[in-house]
Amino acid sequence: MAEGGNGEREALRESVRLKVQADLDALREAVSRCSLCPGLGKGIPGRGSPGADILFLAGKPGPGASPEDPWGGWKETARKSLALVSGLSRCAMYFSTALRCAPEKVTLAQLRRCAPYLAEEILLVGPRVVVVSGKVAAVALRIALGDEVPENPRAGDVIALYGSRFLFQVDVARLESEPWVQNVFWKIMEKVPPLLG
């Protein structure tokens, strides 16, 4: 009887995993076709799999971003910082952005239009930790998830919400233009392992 119970639980887990993956695929398709903003049907969805340990959230797509790589050139910077923190290189990661296209000037109206995508994505992925990179991502997160998200979080602040921990980080876009910010970024990333534990 115990074997049947374990087999049924495994079958249920697999059914849930497949449903969440299908919902995430549908969200990716909706973002890719979105024409609410200047991207005109060329939105850039997040990338990774449900249940990722860490979801990296930037304000807008990075340099050279594509539907397969929303962070573009910033992704390698994040991976390098993870390599410096013991044990994080083995973590499953998901990369996303608050805005799904890259306007020259970010507005609250744009963040509001993308907020439902962001809220659904975070809930579907179900990460243990969300690394929120920069002010645009923090403002978008507050719009998407509500007043439980602080209005003006500081880099290094942590909150728990919807079964995830949110770690506020400096803007990844500043890492190359302001090298001193790299030390701050890496220092804050050292908070991730205890948050995963």
# chains A, B, ... in the order shown; residues from 1 in each chain; ligands from 1
>>> residues_around(residues="A:Ala98", least_positions_apart="4", cutoff="9 Å", atoms="only C-alpha atoms", output="PyMOL selection string")
chain A and resi 57-61+111+114-115+117-118+136-138+140-141
>>> write_last_selection(atoms="N, CA and C atoms", output="mmCIF file, in the first residue's frame")
data_model
loop_
_atom_site.group_PDB
_atom_site.id
_atom_site.type_symbol
_atom_site.label_atom_id
_atom_site.label_comp_id
_atom_site.auth_asym_id
_atom_site.auth_seq_id
_atom_site.Cartn_x
_atom_site.Cartn_y
_atom_site.Cartn_z
ATOM 1 N N LEU A 57 15.597 39.178 -11.234
ATOM 2 C CA LEU A 57 14.661 40.126 -11.826
ATOM 3 C C LEU A 57 15.347 41.468 -12.051
ATOM 4 N N ALA A 58 15.469 41.868 -13.323
ATOM 5 C CA ALA A 58 16.004 43.191 -13.677
ATOM 6 C C ALA A 58 14.835 44.086 -14.070
ATOM 7 N N GLY A 59 15.094 45.378 -14.212
ATOM 8 C CA GLY A 59 14.041 46.309 -14.577
ATOM 9 C C GLY A 59 13.574 46.162 -16.013
ATOM 10 N N LYS A 60 14.520 45.974 -16.940
ATOM 11 C CA LYS A 60 14.171 45.817 -18.349
ATOM 12 C C LYS A 60 15.202 44.886 -18.983
ATOM 13 N N PRO A 61 14.926 44.403 -20.196
ATOM 14 C CA PRO A 61 15.861 43.480 -20.833
ATOM 15 C C PRO A 61 17.266 44.076 -20.948
ATOM 16 N N LEU A 111 5.169 50.023 -16.528
ATOM 17 C CA LEU A 111 5.309 49.046 -15.443
ATOM 18 C C LEU A 111 3.958 48.449 -15.067
ATOM 19 N N CYS A 114 2.899 45.773 -17.627
ATOM 20 C CA CYS A 114 3.644 44.515 -17.520
ATOM 21 C C CYS A 114 3.445 43.815 -16.174
ATOM 22 N N ALA A 115 2.889 44.500 -15.185
ATOM 23 C CA ALA A 115 2.764 43.954 -13.827
ATOM 24 C C ALA A 115 2.040 42.610 -13.767
ATOM 25 N N TYR A 117 1.999 40.214 -15.946
ATOM 26 C CA TYR A 117 2.945 39.196 -16.404
ATOM 27 C C TYR A 117 3.930 38.846 -15.287
ATOM 28 N N LEU A 118 4.436 39.876 -14.614
ATOM 29 C CA LEU A 118 5.422 39.663 -13.556
ATOM 30 C C LEU A 118 4.834 38.883 -12.392
ATOM 31 N N VAL A 136 13.875 50.111 -10.739
ATOM 32 C CA VAL A 136 12.762 49.833 -11.651
ATOM 33 C C VAL A 136 12.141 48.481 -11.306
ATOM 34 N N ALA A 137 12.968 47.475 -11.060
ATOM 35 C CA ALA A 137 12.459 46.149 -10.704
ATOM 36 C C ALA A 137 11.713 46.197 -9.374
ATOM 37 N N ALA A 138 12.229 46.975 -8.408
ATOM 38 C CA ALA A 138 11.576 47.080 -7.093
ATOM 39 C C ALA A 138 10.210 47.767 -7.206
ATOM 40 N N ALA A 140 8.321 47.919 -9.916
ATOM 41 C CA ALA A 140 7.456 46.996 -10.651
ATOM 42 C C ALA A 140 6.951 45.878 -9.745
ATOM 43 N N LEU A 141 7.811 45.390 -8.877
ATOM 44 C CA LEU A 141 7.423 44.333 -7.950
ATOM 45 C C LEU A 141 6.326 44.809 -7.011
#
>>> residues_around(residues="stretch 124-135 of chain A", least_positions_apart="4", cutoff="9 Å", atoms="only C-alpha atoms", output="mmCIF file with all heavy atoms, in the first residue's frame")
data_model
loop_
_atom_site.group_PDB
_atom_site.id
_atom_site.type_symbol
_atom_site.label_atom_id
_atom_site.label_comp_id
_atom_site.auth_asym_id
_atom_site.auth_seq_id
_atom_site.Cartn_x
_atom_site.Cartn_y
_atom_site.Cartn_z
ATOM 1 N N VAL A 20 2.067 23.362 -14.488
ATOM 2 C CA VAL A 20 2.775 24.632 -14.260
ATOM 3 C C VAL A 20 3.641 24.965 -15.470
ATOM 4 O O VAL A 20 3.691 26.114 -15.913
ATOM 5 C CB VAL A 20 3.604 24.579 -12.955
ATOM 6 C CG1 VAL A 20 4.515 25.787 -12.836
ATOM 7 C CG2 VAL A 20 2.680 24.488 -11.746
ATOM 8 N N GLN A 21 4.322 23.968 -16.034
ATOM 9 C CA GLN A 21 5.153 24.216 -17.218
ATOM 10 C C GLN A 21 4.282 24.690 -18.381
ATOM 11 O O GLN A 21 4.659 25.614 -19.099
ATOM 12 C CB GLN A 21 5.928 22.961 -17.620
ATOM 13 C CG GLN A 21 6.878 23.196 -18.789
ATOM 14 C CD GLN A 21 7.977 24.184 -18.462
ATOM 15 O OE1 GLN A 21 8.746 23.984 -17.538
ATOM 16 N NE2 GLN A 21 8.051 25.273 -19.213
ATOM 17 N N ASP A 23 1.433 26.290 -18.165
ATOM 18 C CA ASP A 23 1.008 27.664 -17.852
ATOM 19 C C ASP A 23 2.148 28.643 -18.102
ATOM 20 O O ASP A 23 1.935 29.748 -18.615
ATOM 21 C CB ASP A 23 0.531 27.763 -16.406
ATOM 22 C CG ASP A 23 -0.796 27.066 -16.169
ATOM 23 O OD1 ASP A 23 -1.474 26.693 -17.158
ATOM 24 O OD2 ASP A 23 -1.158 26.874 -14.994
ATOM 25 N N LEU A 24 3.362 28.245 -17.748
ATOM 26 C CA LEU A 24 4.525 29.113 -17.968
ATOM 27 C C LEU A 24 4.786 29.276 -19.469
ATOM 28 O O LEU A 24 5.092 30.383 -19.930
ATOM 29 C CB LEU A 24 5.747 28.541 -17.252
ATOM 30 C CG LEU A 24 6.934 29.460 -17.019
ATOM 31 C CD1 LEU A 24 6.534 30.758 -16.330
ATOM 32 C CD2 LEU A 24 7.997 28.735 -16.195
ATOM 33 N N GLY A 48 13.771 30.056 -17.987
ATOM 34 C CA GLY A 48 14.168 29.118 -16.957
ATOM 35 C C GLY A 48 13.043 28.135 -16.751
ATOM 36 O O GLY A 48 12.143 28.027 -17.587
ATOM 37 N N SER A 49 13.080 27.404 -15.649
ATOM 38 C CA SER A 49 12.038 26.402 -15.432
ATOM 39 C C SER A 49 11.350 26.608 -14.093
ATOM 40 O O SER A 49 11.904 27.230 -13.187
ATOM 41 C CB SER A 49 12.645 25.001 -15.504
ATOM 42 O OG SER A 49 13.654 24.868 -14.528
ATOM 43 N N PRO A 50 10.126 26.095 -13.976
ATOM 44 C CA PRO A 50 9.410 26.206 -12.700
ATOM 45 C C PRO A 50 10.225 25.564 -11.580
ATOM 46 O O PRO A 50 10.945 24.603 -11.802
ATOM 47 C CB PRO A 50 8.119 25.417 -12.939
ATOM 48 C CG PRO A 50 7.991 25.271 -14.400
ATOM 49 C CD PRO A 50 9.367 25.345 -14.973
ATOM 50 N N GLY A 51 10.087 26.130 -10.409
ATOM 51 C CA GLY A 51 10.791 25.587 -9.255
ATOM 52 C C GLY A 51 12.246 26.002 -9.165
ATOM 53 O O GLY A 51 13.007 25.440 -8.375
ATOM 54 N N ALA A 52 12.668 26.989 -9.966
ATOM 55 C CA ALA A 52 14.050 27.459 -9.898
ATOM 56 C C ALA A 52 14.359 27.929 -8.483
ATOM 57 O O ALA A 52 13.501 28.479 -7.798
ATOM 58 C CB ALA A 52 14.276 28.592 -10.896
ATOM 59 N N ASP A 53 15.585 27.692 -8.042
ATOM 60 C CA ASP A 53 15.993 28.143 -6.714
ATOM 61 C C ASP A 53 16.011 29.664 -6.640
ATOM 62 O O ASP A 53 15.579 30.256 -5.655
ATOM 63 C CB ASP A 53 17.401 27.618 -6.375
ATOM 64 C CG ASP A 53 17.464 26.110 -6.338
ATOM 65 O OD1 ASP A 53 16.656 25.502 -5.611
ATOM 66 O OD2 ASP A 53 18.303 25.536 -7.059
ATOM 67 N N ILE A 54 16.537 30.295 -7.702
ATOM 68 C CA ILE A 54 16.731 31.751 -7.712
ATOM 69 C C ILE A 54 16.120 32.339 -8.978
ATOM 70 O O ILE A 54 16.374 31.857 -10.080
ATOM 71 C CB ILE A 54 18.231 32.122 -7.678
ATOM 72 C CG1 ILE A 54 18.926 31.453 -6.500
ATOM 73 C CG2 ILE A 54 18.409 33.628 -7.627
ATOM 74 C CD1 ILE A 54 20.440 31.552 -6.549
ATOM 75 N N LEU A 55 15.296 33.368 -8.816
ATOM 76 C CA LEU A 55 14.789 34.134 -9.942
ATOM 77 C C LEU A 55 15.487 35.486 -9.907
ATOM 78 O O LEU A 55 15.407 36.195 -8.909
ATOM 79 C CB LEU A 55 13.273 34.319 -9.848
ATOM 80 C CG LEU A 55 12.591 34.989 -11.050
ATOM 81 C CD1 LEU A 55 11.156 34.482 -11.192
ATOM 82 C CD2 LEU A 55 12.581 36.500 -10.965
ATOM 83 N N PHE A 56 16.208 35.814 -10.967
ATOM 84 C CA PHE A 56 16.858 37.117 -11.088
ATOM 85 C C PHE A 56 15.912 38.039 -11.842
ATOM 86 O O PHE A 56 15.491 37.728 -12.955
ATOM 87 C CB PHE A 56 18.177 36.998 -11.854
ATOM 88 C CG PHE A 56 19.270 36.369 -11.067
ATOM 89 C CD1 PHE A 56 19.494 35.005 -11.131
ATOM 90 C CD2 PHE A 56 20.075 37.130 -10.242
ATOM 91 C CE1 PHE A 56 20.497 34.411 -10.398
ATOM 92 C CE2 PHE A 56 21.083 36.555 -9.506
ATOM 93 C CZ PHE A 56 21.301 35.185 -9.583
ATOM 94 N N LEU A 57 15.597 39.178 -11.234
ATOM 95 C CA LEU A 57 14.661 40.126 -11.826
ATOM 96 C C LEU A 57 15.347 41.468 -12.051
ATOM 97 O O LEU A 57 15.768 42.128 -11.101
ATOM 98 C CB LEU A 57 13.451 40.320 -10.898
ATOM 99 C CG LEU A 57 12.413 41.332 -11.364
ATOM 100 C CD1 LEU A 57 11.730 40.855 -12.651
ATOM 101 C CD2 LEU A 57 11.393 41.585 -10.263
ATOM 102 N N ALA A 58 15.469 41.868 -13.323
ATOM 103 C CA ALA A 58 16.004 43.191 -13.677
ATOM 104 C C ALA A 58 14.835 44.086 -14.070
ATOM 105 O O ALA A 58 13.720 43.617 -14.272
ATOM 106 C CB ALA A 58 16.994 43.072 -14.835
ATOM 107 N N GLY A 59 15.094 45.378 -14.212
ATOM 108 C CA GLY A 59 14.041 46.309 -14.577
ATOM 109 C C GLY A 59 13.574 46.162 -16.013
ATOM 110 O O GLY A 59 12.389 46.211 -16.299
ATOM 111 N N MET A 93 18.386 28.427 -11.954
ATOM 112 C CA MET A 93 18.136 29.870 -12.053
ATOM 113 C C MET A 93 17.090 30.190 -13.116
ATOM 114 O O MET A 93 16.951 29.469 -14.095
ATOM 115 C CB MET A 93 19.426 30.594 -12.382
ATOM 116 C CG MET A 93 20.457 30.524 -11.283
ATOM 117 S SD MET A 93 22.009 31.247 -11.793
ATOM 118 C CE MET A 93 22.990 29.785 -11.981
ATOM 119 N N TYR A 94 16.392 31.283 -12.891
ATOM 120 C CA TYR A 94 15.407 31.804 -13.831
ATOM 121 C C TYR A 94 15.718 33.284 -13.985
ATOM 122 O O TYR A 94 15.953 33.976 -12.996
ATOM 123 C CB TYR A 94 13.992 31.604 -13.261
ATOM 124 C CG TYR A 94 12.889 31.877 -14.233
ATOM 125 C CD1 TYR A 94 12.263 30.826 -14.897
ATOM 126 C CD2 TYR A 94 12.448 33.164 -14.496
ATOM 127 C CE1 TYR A 94 11.226 31.059 -15.797
ATOM 128 C CE2 TYR A 94 11.420 33.407 -15.393
ATOM 129 C CZ TYR A 94 10.813 32.350 -16.032
ATOM 130 O OH TYR A 94 9.788 32.582 -16.919
ATOM 131 N N ALA A 119 3.656 39.269 -11.944
ATOM 132 C CA ALA A 119 3.025 38.574 -10.818
ATOM 133 C C ALA A 119 2.782 37.109 -11.154
ATOM 134 O O ALA A 119 3.118 36.208 -10.358
ATOM 135 C CB ALA A 119 1.706 39.262 -10.446
ATOM 136 N N GLU A 120 2.233 36.844 -12.334
ATOM 137 C CA GLU A 120 1.954 35.462 -12.725
ATOM 138 C C GLU A 120 3.242 34.649 -12.839
ATOM 139 O O GLU A 120 3.317 33.497 -12.405
ATOM 140 C CB GLU A 120 1.192 35.436 -14.055
ATOM 141 C CG GLU A 120 0.799 34.034 -14.479
ATOM 142 C CD GLU A 120 -0.029 33.989 -15.748
ATOM 143 O OE1 GLU A 120 -0.351 35.056 -16.321
ATOM 144 O OE2 GLU A 120 -0.351 32.866 -16.173
ATOM 145 N N VAL A 139 10.142 48.836 -7.988
ATOM 146 C CA VAL A 139 8.867 49.538 -8.179
ATOM 147 C C VAL A 139 7.875 48.616 -8.888
ATOM 148 O O VAL A 139 6.707 48.511 -8.498
ATOM 149 C CB VAL A 139 9.074 50.849 -8.978
ATOM 150 C CG1 VAL A 139 7.744 51.461 -9.387
ATOM 151 C CG2 VAL A 139 9.876 51.850 -8.147
ATOM 152 N N ALA A 140 8.321 47.919 -9.916
ATOM 153 C CA ALA A 140 7.456 46.996 -10.651
ATOM 154 C C ALA A 140 6.951 45.878 -9.745
ATOM 155 O O ALA A 140 5.782 45.490 -9.826
ATOM 156 C CB ALA A 140 8.211 46.406 -11.836
ATOM 157 N N LEU A 141 7.811 45.390 -8.877
ATOM 158 C CA LEU A 141 7.423 44.333 -7.950
ATOM 159 C C LEU A 141 6.326 44.809 -7.011
ATOM 160 O O LEU A 141 5.360 44.094 -6.742
ATOM 161 C CB LEU A 141 8.649 43.883 -7.156
ATOM 162 C CG LEU A 141 8.530 42.592 -6.398
ATOM 163 C CD1 LEU A 141 8.318 41.427 -7.341
ATOM 164 C CD2 LEU A 141 9.774 42.370 -5.558
ATOM 165 N N ASN A 152 10.443 51.866 -0.706
ATOM 166 C CA ASN A 152 11.814 52.259 -1.040
ATOM 167 C C ASN A 152 12.814 51.297 -0.409
ATOM 168 O O ASN A 152 13.555 51.682 0.500
ATOM 169 C CB ASN A 152 12.090 53.690 -0.564
ATOM 170 C CG ASN A 152 11.283 54.710 -1.323
ATOM 171 O OD1 ASN A 152 11.329 54.748 -2.543
ATOM 172 N ND2 ASN A 152 10.524 55.521 -0.603
ATOM 173 N N PRO A 153 12.872 50.055 -0.882
ATOM 174 C CA PRO A 153 13.821 49.117 -0.274
ATOM 175 C C PRO A 153 15.257 49.520 -0.583
ATOM 176 O O PRO A 153 15.529 50.115 -1.627
ATOM 177 C CB PRO A 153 13.462 47.787 -0.932
ATOM 178 C CG PRO A 153 12.891 48.179 -2.256
ATOM 179 C CD PRO A 153 12.167 49.469 -2.010
ATOM 180 N N ALA A 155 19.333 48.304 -1.037
ATOM 181 C CA ALA A 155 20.106 47.139 -1.460
ATOM 182 C C ALA A 155 20.508 46.352 -0.213
ATOM 183 O O ALA A 155 21.040 46.918 0.741
ATOM 184 C CB ALA A 155 21.329 47.569 -2.246
ATOM 185 N N TYR A 162 4.631 35.294 -0.338
ATOM 186 C CA TYR A 162 4.154 34.228 -1.219
ATOM 187 C C TYR A 162 5.096 33.029 -1.275
ATOM 188 O O TYR A 162 5.303 32.424 -2.326
ATOM 189 C CB TYR A 162 3.900 34.751 -2.639
ATOM 190 C CG TYR A 162 2.859 35.837 -2.691
ATOM 191 C CD1 TYR A 162 3.195 37.126 -3.062
ATOM 192 C CD2 TYR A 162 1.535 35.561 -2.350
ATOM 193 C CE1 TYR A 162 2.243 38.128 -3.101
ATOM 194 C CE2 TYR A 162 0.572 36.564 -2.393
ATOM 195 C CZ TYR A 162 0.934 37.844 -2.765
ATOM 196 O OH TYR A 162 -0.016 38.827 -2.803
ATOM 197 N N GLY A 163 5.700 32.687 -0.167
ATOM 198 C CA GLY A 163 6.569 31.518 -0.107
ATOM 199 C C GLY A 163 7.964 31.729 -0.657
ATOM 200 O O GLY A 163 8.754 30.797 -0.718
ATOM 201 N N SER A 164 8.300 32.954 -1.066
ATOM 202 C CA SER A 164 9.635 33.274 -1.579
ATOM 203 C C SER A 164 10.255 34.350 -0.704
ATOM 204 O O SER A 164 9.551 35.090 -0.016
ATOM 205 C CB SER A 164 9.570 33.789 -3.021
ATOM 206 O OG SER A 164 9.060 32.813 -3.900
ATOM 207 N N ARG A 165 11.564 34.440 -0.777
ATOM 208 C CA ARG A 165 12.266 35.554 -0.134
ATOM 209 C C ARG A 165 12.769 36.468 -1.242
ATOM 210 O O ARG A 165 13.304 35.999 -2.243
ATOM 211 C CB ARG A 165 13.409 35.032 0.716
ATOM 212 C CG ARG A 165 12.886 34.269 1.913
ATOM 213 C CD ARG A 165 13.954 34.162 2.967
ATOM 214 N NE ARG A 165 13.380 33.649 4.192
ATOM 215 C CZ ARG A 165 13.550 32.418 4.628
ATOM 216 N NH1 ARG A 165 14.275 31.568 3.939
ATOM 217 N NH2 ARG A 165 13.010 32.035 5.759
ATOM 218 N N PHE A 166 12.588 37.767 -1.049
ATOM 219 C CA PHE A 166 12.982 38.764 -2.035
ATOM 220 C C PHE A 166 14.172 39.539 -1.482
ATOM 221 O O PHE A 166 14.075 40.164 -0.433
ATOM 222 C CB PHE A 166 11.813 39.707 -2.329
ATOM 223 C CG PHE A 166 10.665 39.022 -3.012
ATOM 224 C CD1 PHE A 166 9.762 38.240 -2.292
ATOM 225 C CD2 PHE A 166 10.497 39.130 -4.384
ATOM 226 C CE1 PHE A 166 8.707 37.598 -2.920
ATOM 227 C CE2 PHE A 166 9.447 38.486 -5.021
ATOM 228 C CZ PHE A 166 8.553 37.716 -4.286
ATOM 229 N N LEU A 167 15.295 39.460 -2.202
ATOM 230 C CA LEU A 167 16.527 40.151 -1.826
ATOM 231 C C LEU A 167 16.711 41.319 -2.786
ATOM 232 O O LEU A 167 16.830 41.124 -4.004
ATOM 233 C CB LEU A 167 17.713 39.196 -1.915
ATOM 234 C CG LEU A 167 19.106 39.802 -1.741
ATOM 235 C CD1 LEU A 167 19.270 40.405 -0.349
ATOM 236 C CD2 LEU A 167 20.176 38.748 -2.004
ATOM 237 N N PHE A 168 16.727 42.526 -2.235
ATOM 238 C CA PHE A 168 16.881 43.717 -3.072
ATOM 239 C C PHE A 168 18.360 43.975 -3.307
ATOM 240 O O PHE A 168 19.167 43.923 -2.387
ATOM 241 C CB PHE A 168 16.160 44.913 -2.435
ATOM 242 C CG PHE A 168 14.670 44.687 -2.413
ATOM 243 C CD1 PHE A 168 14.063 44.046 -1.339
ATOM 244 C CD2 PHE A 168 13.883 45.068 -3.487
ATOM 245 C CE1 PHE A 168 12.698 43.807 -1.329
ATOM 246 C CE2 PHE A 168 12.518 44.824 -3.495
ATOM 247 C CZ PHE A 168 11.927 44.195 -2.413
ATOM 248 N N GLN A 169 18.694 44.226 -4.562
ATOM 249 C CA GLN A 169 20.071 44.286 -5.021
ATOM 250 C C GLN A 169 20.292 45.584 -5.789
ATOM 251 O O GLN A 169 19.335 46.208 -6.252
ATOM 252 C CB GLN A 169 20.295 43.048 -5.919
ATOM 253 C CG GLN A 169 21.637 42.869 -6.556
ATOM 254 C CD GLN A 169 22.772 42.758 -5.593
ATOM 255 O OE1 GLN A 169 23.229 43.783 -5.072
ATOM 256 N NE2 GLN A 169 23.282 41.572 -5.346
ATOM 257 N N VAL A 170 21.552 45.985 -5.949
ATOM 258 C CA VAL A 170 21.870 47.134 -6.796
ATOM 259 C C VAL A 170 21.531 46.766 -8.246
ATOM 260 O O VAL A 170 21.404 45.593 -8.580
ATOM 261 C CB VAL A 170 23.358 47.547 -6.674
ATOM 262 C CG1 VAL A 170 23.666 48.048 -5.275
ATOM 263 C CG2 VAL A 170 24.281 46.415 -7.061
ATOM 264 N N ASP A 171 21.383 47.760 -9.086
ATOM 265 C CA ASP A 171 20.995 47.536 -10.475
ATOM 266 C C ASP A 171 22.144 46.890 -11.244
ATOM 267 O O ASP A 171 23.239 47.430 -11.328
ATOM 268 C CB ASP A 171 20.609 48.872 -11.114
ATOM 269 C CG ASP A 171 19.895 48.702 -12.440
ATOM 270 O OD1 ASP A 171 20.032 47.637 -13.072
ATOM 271 O OD2 ASP A 171 19.199 49.640 -12.841
ATOM 272 N N VAL A 172 21.885 45.735 -11.823
ATOM 273 C CA VAL A 172 22.900 45.012 -12.582
ATOM 274 C C VAL A 172 23.419 45.856 -13.751
ATOM 275 O O VAL A 172 24.562 45.705 -14.172
ATOM 276 C CB VAL A 172 22.362 43.642 -13.059
ATOM 277 C CG1 VAL A 172 21.287 43.809 -14.110
ATOM 278 C CG2 VAL A 172 23.465 42.741 -13.542
ATOM 279 N N ALA A 173 22.608 46.786 -14.258
ATOM 280 C CA ALA A 173 23.023 47.650 -15.366
ATOM 281 C C ALA A 173 24.185 48.561 -14.972
ATOM 282 O O ALA A 173 24.902 49.057 -15.838
ATOM 283 C CB ALA A 173 21.849 48.487 -15.851
ATOM 284 N N MET A 189 25.095 39.337 -2.743
ATOM 285 C CA MET A 189 24.842 37.966 -3.189
ATOM 286 C C MET A 189 25.236 36.942 -2.129
ATOM 287 O O MET A 189 24.703 35.841 -2.119
ATOM 288 C CB MET A 189 25.568 37.682 -4.520
ATOM 289 C CG MET A 189 24.965 38.381 -5.718
ATOM 290 S SD MET A 189 23.182 38.085 -5.969
ATOM 291 C CE MET A 189 23.190 36.343 -6.313
ATOM 292 N N VAL A 192 22.456 35.159 -0.254
ATOM 293 C CA VAL A 192 21.570 34.181 -0.885
ATOM 294 C C VAL A 192 21.638 32.788 -0.242
ATOM 295 O O VAL A 192 20.593 32.200 0.048
ATOM 296 C CB VAL A 192 21.794 34.124 -2.410
ATOM 297 C CG1 VAL A 192 20.995 33.007 -3.053
ATOM 298 C CG2 VAL A 192 21.440 35.461 -3.052
ATOM 299 N N LEU A 195 19.459 32.361 2.705
ATOM 300 C CA LEU A 195 18.049 32.506 2.344
ATOM 301 C C LEU A 195 17.526 31.229 1.680
ATOM 302 O O LEU A 195 16.335 30.917 1.786
ATOM 303 C CB LEU A 195 17.851 33.681 1.377
ATOM 304 C CG LEU A 195 18.139 35.071 1.946
ATOM 305 C CD1 LEU A 195 18.001 36.130 0.858
ATOM 306 C CD2 LEU A 195 17.237 35.388 3.112
ATOM 307 N N LEU A 196 18.391 30.490 1.013
ATOM 308 C CA LEU A 196 18.005 29.224 0.385
ATOM 309 C C LEU A 196 17.869 28.113 1.416
ATOM 310 O O LEU A 196 17.138 27.158 1.188
ATOM 311 C CB LEU A 196 19.027 28.805 -0.676
ATOM 312 C CG LEU A 196 19.053 29.634 -1.941
ATOM 313 C CD1 LEU A 196 20.269 29.264 -2.788
ATOM 314 C CD2 LEU A 196 17.774 29.453 -2.738
#
>>> closest_residue(among="A:Ile159, A:Glu121, A:Pro116, A:Arg90", to="A:Ala144", atoms="only C-alpha atoms")
A:Pro116
